[in-house]
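The file final.txt comes next; it holds compact mmCIF, C-alpha atoms.
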```
# COMPACT_ATOMS: atom_id res chain seq x y z
CA MET P 1 32.76 26.40 -52.90
CA THR P 2 30.65 24.85 -50.16
CA SER P 3 30.22 26.96 -47.06
CA SER P 4 31.10 25.41 -43.72
CA ASN P 5 27.57 26.26 -42.55
CA SER P 6 25.85 24.47 -45.45
CA ASN P 7 24.55 21.68 -43.16
CA GLN P 8 22.63 24.15 -41.00
CA HIS P 9 19.02 24.78 -41.93
CA PRO P 10 18.68 28.37 -43.23
CA LEU P 11 15.72 29.05 -40.92
CA THR P 12 17.40 27.65 -37.78
CA PRO P 13 19.10 30.37 -35.77
CA ALA P 14 22.52 29.69 -34.34
CA VAL P 15 22.39 28.81 -30.66
CA ALA P 16 24.84 31.01 -28.81
CA PRO P 17 25.57 30.99 -25.10
CA SER P 18 23.41 33.51 -23.26
CA ALA P 19 25.19 36.73 -22.43
CA TRP P 20 23.33 36.72 -19.11
CA GLN P 21 24.52 33.25 -18.06
CA PRO P 22 27.52 34.48 -16.01
CA PHE P 23 25.20 36.88 -14.18
CA LYS P 24 22.69 34.09 -13.52
CA ASP P 25 25.43 31.81 -12.20
CA ALA P 26 26.74 34.57 -9.95
CA PHE P 27 23.22 35.32 -8.68
CA HIS P 28 22.52 31.67 -7.84
CA GLY P 29 25.90 31.35 -6.19
CA TYR P 30 25.19 34.42 -4.04
CA ALA P 31 21.72 33.09 -3.15
CA LYS P 32 23.16 29.72 -2.08
CA TRP P 33 25.76 31.53 0.05
CA LEU P 34 23.03 33.57 1.73
CA LEU P 35 21.16 30.39 2.56
CA SER P 36 24.27 28.79 3.99
CA ILE P 37 24.89 31.50 6.61
CA SER P 38 22.86 32.11 9.75
CA TRP P 39 20.75 35.19 10.33
CA LYS P 40 23.09 36.19 13.15
CA LEU P 41 26.09 36.19 10.84
CA PHE P 42 24.06 37.97 8.15
CA MET P 43 23.14 40.78 10.55
CA GLY P 44 26.75 41.15 11.61
CA LEU P 45 27.94 41.39 8.02
CA SER P 46 25.13 43.87 7.25
CA PHE P 47 26.26 46.09 10.13
CA LEU P 48 29.85 46.08 8.84
CA LEU P 49 28.60 46.82 5.32
CA MET P 50 26.56 49.82 6.55
CA MET P 51 29.59 51.20 8.38
CA ALA P 52 31.86 50.76 5.35
CA PHE P 53 29.44 52.38 2.92
CA GLY P 54 28.71 55.12 5.48
CA VAL P 55 32.37 56.06 5.52
CA LEU P 56 32.20 56.24 1.71
CA GLY P 57 29.13 58.47 1.99
CA ILE P 58 26.74 56.08 0.21
CA PRO P 59 24.76 54.33 3.00
CA GLN P 60 21.70 54.18 0.72
CA VAL P 61 23.50 51.66 -1.52
CA ALA P 62 24.35 49.51 1.47
CA PHE P 63 20.74 49.64 2.70
CA LEU P 64 19.44 48.65 -0.75
CA LEU P 65 21.92 45.77 -0.99
CA ILE P 66 21.01 44.52 2.50
CA LEU P 67 17.26 44.75 1.78
CA THR P 68 17.70 42.91 -1.52
CA SER P 69 19.75 40.22 0.21
CA ILE P 70 17.03 39.74 2.84
CA VAL P 71 14.42 39.24 0.10
CA ILE P 72 16.68 36.76 -1.73
CA LYS P 73 17.46 34.83 1.47
CA VAL P 74 13.81 34.52 2.50
CA THR P 75 12.53 33.73 -1.00
CA PHE P 76 15.15 31.11 -1.80
CA LYS P 77 14.69 29.50 1.62
CA TYR P 78 11.01 28.79 0.97
CA GLN P 79 11.73 27.76 -2.61
CA THR P 80 14.42 25.32 -1.46
CA GLN P 81 12.13 23.87 1.23
CA ALA P 82 9.37 23.41 -1.33
CA GLU P 83 11.77 21.65 -3.70
CA GLU P 84 13.01 19.38 -0.91
CA LYS P 85 9.44 18.48 0.05
CA ALA P 86 8.56 17.80 -3.58
CA THR P 87 11.64 15.59 -3.96
CA ALA P 88 10.82 13.72 -0.75
CA ALA P 89 7.19 13.23 -1.83
CA THR P 90 8.32 11.94 -5.22
CA TYR P 91 10.74 9.54 -3.57
CA MET P 92 8.06 8.23 -1.20
CA ALA P 93 5.59 7.79 -4.06
CA GLU P 94 8.16 5.89 -6.10
CA ALA P 95 9.09 3.72 -3.10
CA GLU P 96 5.41 2.94 -2.45
CA GLN P 97 4.88 2.10 -6.10
CA LEU P 98 7.89 -0.24 -6.10
CA LYS P 99 6.59 -1.91 -2.93
CA ARG P 100 3.15 -2.35 -4.50
CA GLN P 101 4.68 -3.82 -7.66
CA LEU P 102 6.74 -6.25 -5.57
CA VAL P 103 3.71 -7.50 -3.63
CA GLU P 104 1.65 -7.73 -6.84
CA ALA P 105 4.45 -9.72 -8.51
CA ARG P 106 4.51 -12.17 -5.60
CA LEU P 107 0.74 -12.52 -5.64
CA ALA P 108 0.62 -12.99 -9.42
CA ALA P 109 3.27 -15.70 -9.24
CA MET P 110 1.39 -17.53 -6.51
CA GLN P 111 -2.00 -17.17 -8.18
CA ALA P 112 -0.61 -18.65 -11.39
CA GLN P 113 -0.80 -22.15 -9.96
CA VAL P 114 -3.14 -24.36 -7.97
CA GLU P 115 -1.16 -25.99 -5.17
CA PRO P 116 0.12 -29.23 -6.82
CA HIS P 117 0.12 -31.38 -3.67
CA PHE P 118 -3.56 -30.72 -2.99
CA LEU P 119 -4.62 -30.98 -6.64
CA PHE P 120 -2.77 -34.24 -7.32
CA ASN P 121 -4.05 -35.81 -4.11
CA THR P 122 -7.60 -34.82 -5.02
CA LEU P 123 -7.32 -36.26 -8.53
CA ALA P 124 -5.81 -39.46 -7.13
CA SER P 125 -8.66 -39.72 -4.62
CA ILE P 126 -11.24 -39.23 -7.37
CA ASP P 127 -9.56 -41.92 -9.46
CA HIS P 128 -9.63 -44.32 -6.51
CA LEU P 129 -13.24 -43.55 -5.61
CA ILE P 130 -14.42 -44.08 -9.18
CA GLU P 131 -13.71 -47.78 -8.65
CA THR P 132 -14.67 -48.10 -4.98
CA ASP P 133 -17.38 -45.48 -4.37
CA PRO P 134 -18.64 -43.78 -7.57
CA PRO P 135 -21.18 -41.50 -5.78
CA ARG P 136 -18.44 -40.05 -3.54
CA ALA P 137 -16.15 -39.71 -6.55
CA SER P 138 -18.86 -37.65 -8.25
CA LEU P 139 -19.27 -35.42 -5.18
CA MET P 140 -15.52 -34.85 -4.91
CA GLN P 141 -15.32 -34.04 -8.61
CA LYS P 142 -18.13 -31.49 -8.27
CA SER P 143 -16.38 -29.90 -5.29
CA LEU P 144 -13.13 -29.64 -7.26
CA ILE P 145 -14.97 -28.03 -10.17
CA ALA P 146 -16.60 -25.55 -7.77
CA LEU P 147 -13.21 -24.74 -6.25
CA LEU P 148 -11.57 -24.15 -9.61
CA ARG P 149 -14.54 -22.12 -10.83
CA ALA P 150 -14.24 -19.84 -7.78
CA THR P 151 -10.44 -19.48 -7.88
CA LEU P 152 -9.65 -19.20 -11.60
CA PRO P 153 -11.20 -15.71 -12.02
CA SER P 154 -9.08 -14.37 -9.16
CA MET P 155 -5.96 -15.85 -10.76
CA ARG P 156 -6.52 -13.53 -13.72
CA GLU P 157 -6.67 -10.48 -11.46
CA THR P 158 -3.46 -8.43 -11.61
CA SER P 159 -3.99 -5.99 -8.76
CA THR P 160 -3.59 -6.68 -5.05
CA ALA P 161 -6.03 -3.84 -4.39
CA LYS P 162 -8.88 -6.12 -5.51
CA LEU P 163 -11.11 -6.69 -2.49
CA ARG P 164 -13.88 -9.24 -2.13
CA ASN P 165 -16.48 -10.04 0.48
CA MET P 166 -16.73 -12.86 2.97
CA GLY P 167 -19.36 -14.63 0.89
CA GLN P 168 -17.05 -14.77 -2.13
CA GLU P 169 -14.24 -16.11 0.03
CA LEU P 170 -16.51 -18.81 1.43
CA ALA P 171 -17.34 -19.80 -2.14
CA VAL P 172 -13.69 -20.86 -2.40
CA ILE P 173 -13.22 -22.26 1.10
CA ARG P 174 -16.40 -24.36 1.13
CA PRO P 175 -15.50 -26.74 -1.75
CA TYR P 176 -11.91 -26.92 -0.50
CA LEU P 177 -13.14 -28.15 2.89
CA ASP P 178 -15.66 -30.49 1.25
CA ILE P 179 -12.79 -32.17 -0.59
CA GLN P 180 -10.66 -32.39 2.54
CA LYS P 181 -13.60 -33.86 4.45
CA MET P 182 -14.13 -36.56 1.82
CA ARG P 183 -10.42 -37.35 1.86
CA MET P 184 -9.99 -37.48 5.64
CA GLU P 185 -13.52 -38.74 6.44
CA ASP P 186 -13.94 -39.23 10.21
CA ARG P 187 -10.46 -37.86 10.87
CA LEU P 188 -11.75 -34.34 10.19
CA GLN P 189 -14.45 -32.32 11.92
CA ILE P 190 -15.33 -28.84 10.67
CA GLU P 191 -17.05 -26.15 12.70
CA TRP P 192 -18.42 -22.99 11.11
CA ASP P 193 -19.14 -19.89 13.18
CA ILE P 194 -19.62 -17.20 10.54
CA PRO P 195 -22.91 -15.27 10.81
CA GLU P 196 -24.73 -14.78 7.54
CA GLY P 197 -24.80 -11.05 8.21
CA LEU P 198 -21.02 -10.94 7.77
CA HIS P 199 -21.07 -12.42 4.27
CA SER P 200 -20.94 -8.88 2.90
CA ALA P 201 -17.88 -7.92 4.98
CA GLU P 202 -14.83 -6.82 2.99
CA LEU P 203 -11.86 -9.20 2.82
CA PRO P 204 -8.70 -9.33 0.68
CA HIS P 205 -9.21 -12.30 -1.61
CA MET P 206 -7.54 -15.69 -1.00
CA MET P 207 -6.20 -14.60 2.38
CA VAL P 208 -8.40 -16.75 4.64
CA LEU P 209 -8.01 -19.73 2.31
CA SER P 210 -4.25 -19.43 2.76
CA LEU P 211 -4.73 -19.78 6.54
CA VAL P 212 -7.04 -22.77 6.07
CA GLU P 213 -4.50 -24.47 3.80
CA ASN P 214 -1.79 -23.75 6.34
CA ALA P 215 -3.88 -25.44 9.05
CA PHE P 216 -4.17 -28.60 6.97
CA LYS P 217 -0.60 -28.72 5.71
CA HIS P 218 1.12 -28.07 9.04
CA GLY P 219 -1.47 -29.18 11.57
CA LEU P 220 -4.18 -31.65 10.61
CA GLU P 221 -2.71 -33.81 7.83
CA PRO P 222 0.47 -34.71 9.76
CA LYS P 223 -1.63 -35.86 12.75
CA ALA P 224 -2.60 -39.54 12.48
CA GLU P 225 -5.96 -39.12 14.19
CA GLY P 226 -6.73 -35.86 12.41
CA GLY P 227 -8.61 -33.19 14.32
CA GLN P 228 -11.03 -30.27 14.13
CA LEU P 229 -10.91 -27.09 12.08
CA THR P 230 -12.89 -24.09 13.34
CA LEU P 231 -13.59 -20.97 11.30
CA ARG P 232 -14.99 -18.00 13.18
CA ALA P 233 -15.77 -14.40 12.21
CA GLU P 234 -17.01 -11.54 14.37
CA VAL P 235 -16.96 -7.75 14.54
CA ASN P 236 -15.13 -6.29 17.50
CA HIS P 237 -14.65 -2.53 18.01
CA GLY P 238 -15.07 -1.79 14.31
CA GLN P 239 -12.69 -4.57 13.25
CA LEU P 240 -13.64 -7.75 11.39
CA GLU P 241 -11.80 -10.56 13.15
CA VAL P 242 -11.45 -13.90 11.38
CA THR P 243 -9.86 -16.82 13.22
CA VAL P 244 -8.78 -20.19 11.86
CA ARG P 245 -8.18 -22.72 14.61
CA ASP P 246 -7.05 -26.32 14.27
CA THR P 247 -6.36 -29.10 16.77
CA GLY P 248 -3.46 -30.49 14.79
CA VAL P 249 0.14 -31.11 15.78
CA GLY P 250 0.83 -27.43 16.38
CA TYR P 251 2.78 -24.99 14.27
CA PHE P 252 5.68 -22.69 15.16
CA PRO P 253 6.28 -20.49 12.11
CA ALA P 254 9.72 -18.85 11.89
CA GLU P 255 10.44 -18.71 15.61
CA SER P 256 6.82 -17.70 16.37
CA ALA P 257 7.17 -14.60 14.17
CA GLY P 258 4.63 -15.77 11.61
CA LEU P 259 6.97 -15.06 8.70
CA SER P 260 7.00 -18.40 6.92
CA SER P 261 7.30 -18.11 3.17
CA GLN P 262 5.65 -21.48 2.60
CA THR P 263 2.44 -21.19 0.71
CA GLY P 264 -0.46 -23.03 -0.82
CA HIS P 265 -2.19 -21.57 -3.85
CA GLY P 266 -2.86 -18.38 -1.94
CA PHE P 267 0.21 -16.65 -0.61
CA GLY P 268 2.60 -17.19 2.29
CA LEU P 269 2.24 -15.82 5.76
CA LYS P 270 4.83 -13.10 5.14
CA ASN P 271 2.92 -12.00 2.08
CA ILE P 272 -0.22 -11.74 4.21
CA ARG P 273 1.55 -9.23 6.45
CA ASP P 274 2.95 -7.32 3.45
CA ARG P 275 -0.40 -7.14 1.72
CA LEU P 276 -2.30 -6.10 4.83
CA ALA P 277 0.20 -3.27 5.35
CA LEU P 278 -0.21 -2.25 1.72
CA LEU P 279 -4.02 -2.24 1.83
CA TYR P 280 -4.74 -1.01 5.36
CA GLY P 281 -1.51 0.37 6.85
CA ASP P 282 -1.54 -0.05 10.63
CA GLN P 283 -5.33 -0.57 10.72
CA ALA P 284 -5.00 -4.32 10.11
CA SER P 285 -3.10 -7.07 11.90
CA PHE P 286 -2.26 -10.77 11.58
CA SER P 287 -1.00 -13.25 14.14
CA ILE P 288 -0.40 -16.99 14.28
CA ARG P 289 0.67 -19.02 17.28
CA ALA P 290 0.69 -22.48 18.77
CA MET P 291 -2.11 -23.06 21.27
CA GLU P 292 -1.30 -22.81 24.95
CA PRO P 293 -1.49 -26.09 26.95
CA TYR P 294 -4.72 -25.00 28.68
CA GLU P 295 -6.27 -24.28 25.23
CA GLY P 296 -5.50 -27.71 23.83
CA SER P 297 -3.15 -28.66 21.01
CA GLY P 298 -3.08 -26.99 17.63
CA THR P 299 -2.63 -23.58 16.08
CA LEU P 300 -4.61 -20.35 16.15
CA ALA P 301 -4.36 -17.83 13.28
CA LYS P 302 -6.14 -14.49 13.57
CA LEU P 303 -6.78 -11.88 10.89
CA SER P 304 -8.13 -8.42 11.75
CA VAL P 305 -9.16 -5.78 9.17
CA PRO P 306 -11.41 -2.70 9.29
CA TYR P 307 -15.06 -3.74 9.08
CA ARG P 308 -16.50 -2.49 5.80
CA VAL P 309 -19.43 -3.71 3.75
CA VAL P 310 -19.06 -4.84 0.12
CA PRO P 311 -22.22 -5.57 -1.94
CA LEU P 312 -22.88 -9.27 -2.16
CA ASP P 313 -22.37 -10.82 -5.57
CA ALA P 314 -25.44 -12.59 -6.90
CA GLN P 315 -23.38 -15.67 -7.79
CA THR P 316 -21.65 -15.97 -4.41
CA VAL P 317 -21.91 -19.39 -2.85
CA THR P 318 -22.17 -19.23 0.92
CA ALA P 319 -21.41 -21.71 3.61
```
Render the structure in this file as structure tokens.
Amino acid sequence: MTSSNSNQHPLTPAVAPSAWQPFKDAFHGYAKWLLSISWKLFMGLSFLLMMAFGVLGIPQVAFLLILTSIVIKVTFKYQTQAEEKATAATYMAEAEQLKRQLVEARLAAMQAQVEPHFLFNTLASIDHLIETDPPRASLMQKSLIALLRATLPSMRETSTAKLRNMGQELAVIRPYLDIQKMRMEDRLQIEWDIPEGLHSAELPHMMVLSLVENAFKHGLEPKAEGGQLTLRAEVNHGQLEVTVRDTGVGYFPAESAGLSSQTGHGFGLKNIRDRLALLYGDQASFSIRAMEPYEGSGTLAKLSVPYRVVPLDAQTVTA
């Protein structure tokens, strides 16, 4: 006859409820109750307990119970506070991780493509120039190759924490502007005001290019007579300030809040804010506004990050 316990391994002991479990539950319940009452109420109850046990002739028991309760109340208070702090820290870490993953997902999606409008226009211009002006077609083709060569490695990067230097960013911006200059010819003037000494300054990659693209898309290209694009960088009170100024038609992003989600092959203006907050907290800032009448027409975008030095890459192309 097969025993009802035949399926149990002979070396596995039977798991029985702990005989101490009711005591443990009662102890934890008493500790939680102690934490829930104020010290004033506790002292009042202790006084009544001393009187009651004094009448019974056993005040020592009351004193021991009160002393034990004080130890439990103090100990469990600090333990509970520590657990609450640990839970809060875990929650904040998880929230920060989710935020980082969201920004990285946005950046990865945007880096996965070269802005079609710009790319198709450039290829169409090259095709046209091959027949009308072969030397210019060759120059534009070389600029496009340089742009793709500089941007494709960053498209394979999966972390928004990747930081580059100004020189590496100029290696992307320079061929982009060369192409735009060949396309717009006399309709575009470009002014550079970036000291060579700042080429080693730290910058989040693709961020300035996004502002340059924004200046063309919303300011210079829609203007029949074109205009001027000015790039300037300087250090002011420990902050690297990069400004992109255009004399285009003017741009009013999202009710002047600078939160447009439109983007080139970098990332949108909202993503710039999100990424700056992720990388630098409140130590960085970004603003974009239409120029005041006394400043002339156009748009001014300004990026400010802590000034730090990153070693220059030997292959960096500078402007």
Practice prompt. Can you work out the spacing between CA of Leu269 (chain P) and CA of Ser304 (chain P) in Å, to one decimal?
Written response: 14.1 Å
Response to the item:
A straight line from CA of Thr230 (chain P) to CA of His199 (chain P) spans 16.9 Å
Discussion item. At a cut-off of 6 Å, using all atoms listed in the file, what residues contact region 273-287 of chain P? Leave out same-chain residues fewer than 5 positions from it and give the result as a PyMOL selection string.
Written reply: chain P and resi 301-305
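Note that the spacing between CA of Ser210 (chain P) and CA of Thr243 (chain P) amounts to 12.2 Å.
Using only C-alpha atoms, the shortest contact distance between Thr299 (chain P) and any of P:Leu34, P:Ile272, P:Asn214, P:Leu240 is found at P:Asn214.
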Item to complete: Tell me, as a list of chain:residue names, which residues lie within 10 Å of region 46-54 of chain P, counting only C-alpha atoms; anything in the same chain fewer than 6 positions away does not count.
Response: P:Lys40, P:Gln60, P:Val61, P:Ala62, P:Phe63, P:Leu65, P:Ile66, P:Leu67, P:Ser69
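Restricting the calculation to only C-alpha atoms, the smallest distance between Ile194 (chain P) and any of P:Ile179, P:Gln168, P:Val310, P:Arg232 is found for P:Arg232.
Each of P:Lys73, P:Lys24, P:Arg245, P:Lys85 was checked against Glu213 (chain P) using only C-alpha atoms; the smallest atom-to-atom distance is that of P:Arg245.
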Item to complete: For Ile72 (chain P), list every protein, DNA or RNA residue within 12 Å, evaluated using all atoms listed in the file, and leave out those in the same chain fewer than 2 positions away; present the list as number ranges by chain.
Response: P: 27-35, 65-70, 74-80
